[in-house]
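First up is the structure itself, then whatever we jot down about it.
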Amino acid sequence: MTARWMVGILMGATLVVAGCGTKTGTHLVDFNAGGNRVQEKKAGEDGRYTLHLHDQPSVTYIVSKGEALGFRKAHDGYVQAYAGDNPSIDLSRDEARGAYWKFDRKISK
């Protein structure tokens, strides 16, 4: 009985560890026009993150784990898309509608 219990604990721990981090192809932050002023998430992995506009890739940045990615309101009705310490991108409301940041792939430092 003890061996079965240990196997169960080890399998559970393996699933928890394997589930950590951001999965490739994951939508990390979706722009929501009616949402909060700032919509952001932290990068779960060092890697390449791409801003998609109208389901098309627009710009790709390298972002470090823990850096913020998201959207914030800007001047004159514009929205800024940002990722880590990379330059932000000004988007019109039409461009921002349906925009999202997507994790592309992990990179090692």
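Quick note on naming: the chains in the structure tokens go A, B, ... in the order shown, residues restart at 1 in each chain, and ligands are numbered from 1 in order of appearance.
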
Test item: residues at most 10 Å from Val38 (chain A), only C-alpha atoms, excluding those fewer than 4 positions along its chain, as a compact mmCIF listing (two decimals) with N, CA and C atoms, in the first residue's frame:
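result-v6.txt, written as the output of this step:
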```txt
# COMPACT_ATOMS: atom_id res chain seq x y z
N PHE A 31 -7.08 42.11 -25.89
CA PHE A 31 -7.59 43.46 -25.67
C PHE A 31 -9.10 43.40 -25.50
N ASN A 32 -9.58 44.08 -24.48
CA ASN A 32 -11.01 44.15 -24.20
C ASN A 32 -11.39 45.62 -24.13
N GLY A 70 0.72 43.73 -22.29
CA GLY A 70 -0.68 44.10 -22.23
C GLY A 70 -1.05 45.30 -23.05
N PHE A 71 -2.14 45.93 -22.63
CA PHE A 71 -2.72 47.07 -23.33
C PHE A 71 -3.10 48.12 -22.30
N ARG A 72 -2.92 49.38 -22.67
CA ARG A 72 -3.35 50.49 -21.81
C ARG A 72 -3.88 51.62 -22.69
N LYS A 73 -4.78 52.39 -22.11
CA LYS A 73 -5.34 53.54 -22.84
C LYS A 73 -4.25 54.58 -22.99
N VAL A 79 -4.81 53.22 -28.11
CA VAL A 79 -4.45 52.16 -27.16
C VAL A 79 -2.98 51.85 -27.38
N GLN A 80 -2.24 51.63 -26.31
CA GLN A 80 -0.85 51.20 -26.42
C GLN A 80 -0.74 49.73 -26.10
```

Original post:
Can you list, as a list in words, every protein, DNA or RNA residue that comes within 7 Å of region 91-101 of chain A when you count only C-alpha atoms, leaving out same-chain residues fewer than 6 positions away?
Top reply: His27, Leu28, Val29, Asp30, Phe31, Ala33, Tyr49, Thr50, Leu51, His52, Leu53, His54, Gly77, Tyr78, Val79 and Gln80 of chain A

Those same residues - C-alpha atoms - I'd like them written as a tab-separated table (two decimals), in the first residue's frame.
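Resulting contents of out21.tsv:
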```tsv
chain	number	residue	atom	x	y	z
A	27	HIS	CA	-3.06	33.85	-25.98
A	28	LEU	CA	-1.60	35.69	-23.04
A	29	VAL	CA	-3.56	38.96	-23.06
A	30	ASP	CA	-6.56	39.83	-25.22
A	31	PHE	CA	-7.59	43.46	-25.67
A	33	ALA	CA	-12.39	47.54	-25.23
A	49	TYR	CA	5.81	37.14	-27.79
A	50	THR	CA	3.90	38.37	-30.83
A	51	LEU	CA	1.21	41.04	-31.05
A	52	HIS	CA	-1.58	39.87	-33.36
A	53	LEU	CA	-3.90	42.36	-35.06
A	54	HIS	CA	-6.98	40.99	-36.82
A	77	GLY	CA	-8.57	57.42	-27.89
A	78	TYR	CA	-5.53	55.37	-28.88
A	79	VAL	CA	-4.45	52.16	-27.16
A	80	GLN	CA	-0.85	51.20	-26.42
```

Original post:
Hey, which of A:Asp90, A:Thr26, A:Glu40, A:Gly34 ends up closest to Glu67 (chain A)? Count only C-alpha atoms.
Top reply: A:Glu40

**OP:** For each of A:Ile107, A:Leu69, A:Ala74, A:Ile62, take the minimum atom-to-atom distance to Lys42 (chain A), counting only C-alpha atoms, then give the residue where this is smallest.
**Re:**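 Nearest to Lys42 (chain A): A:Leu69.
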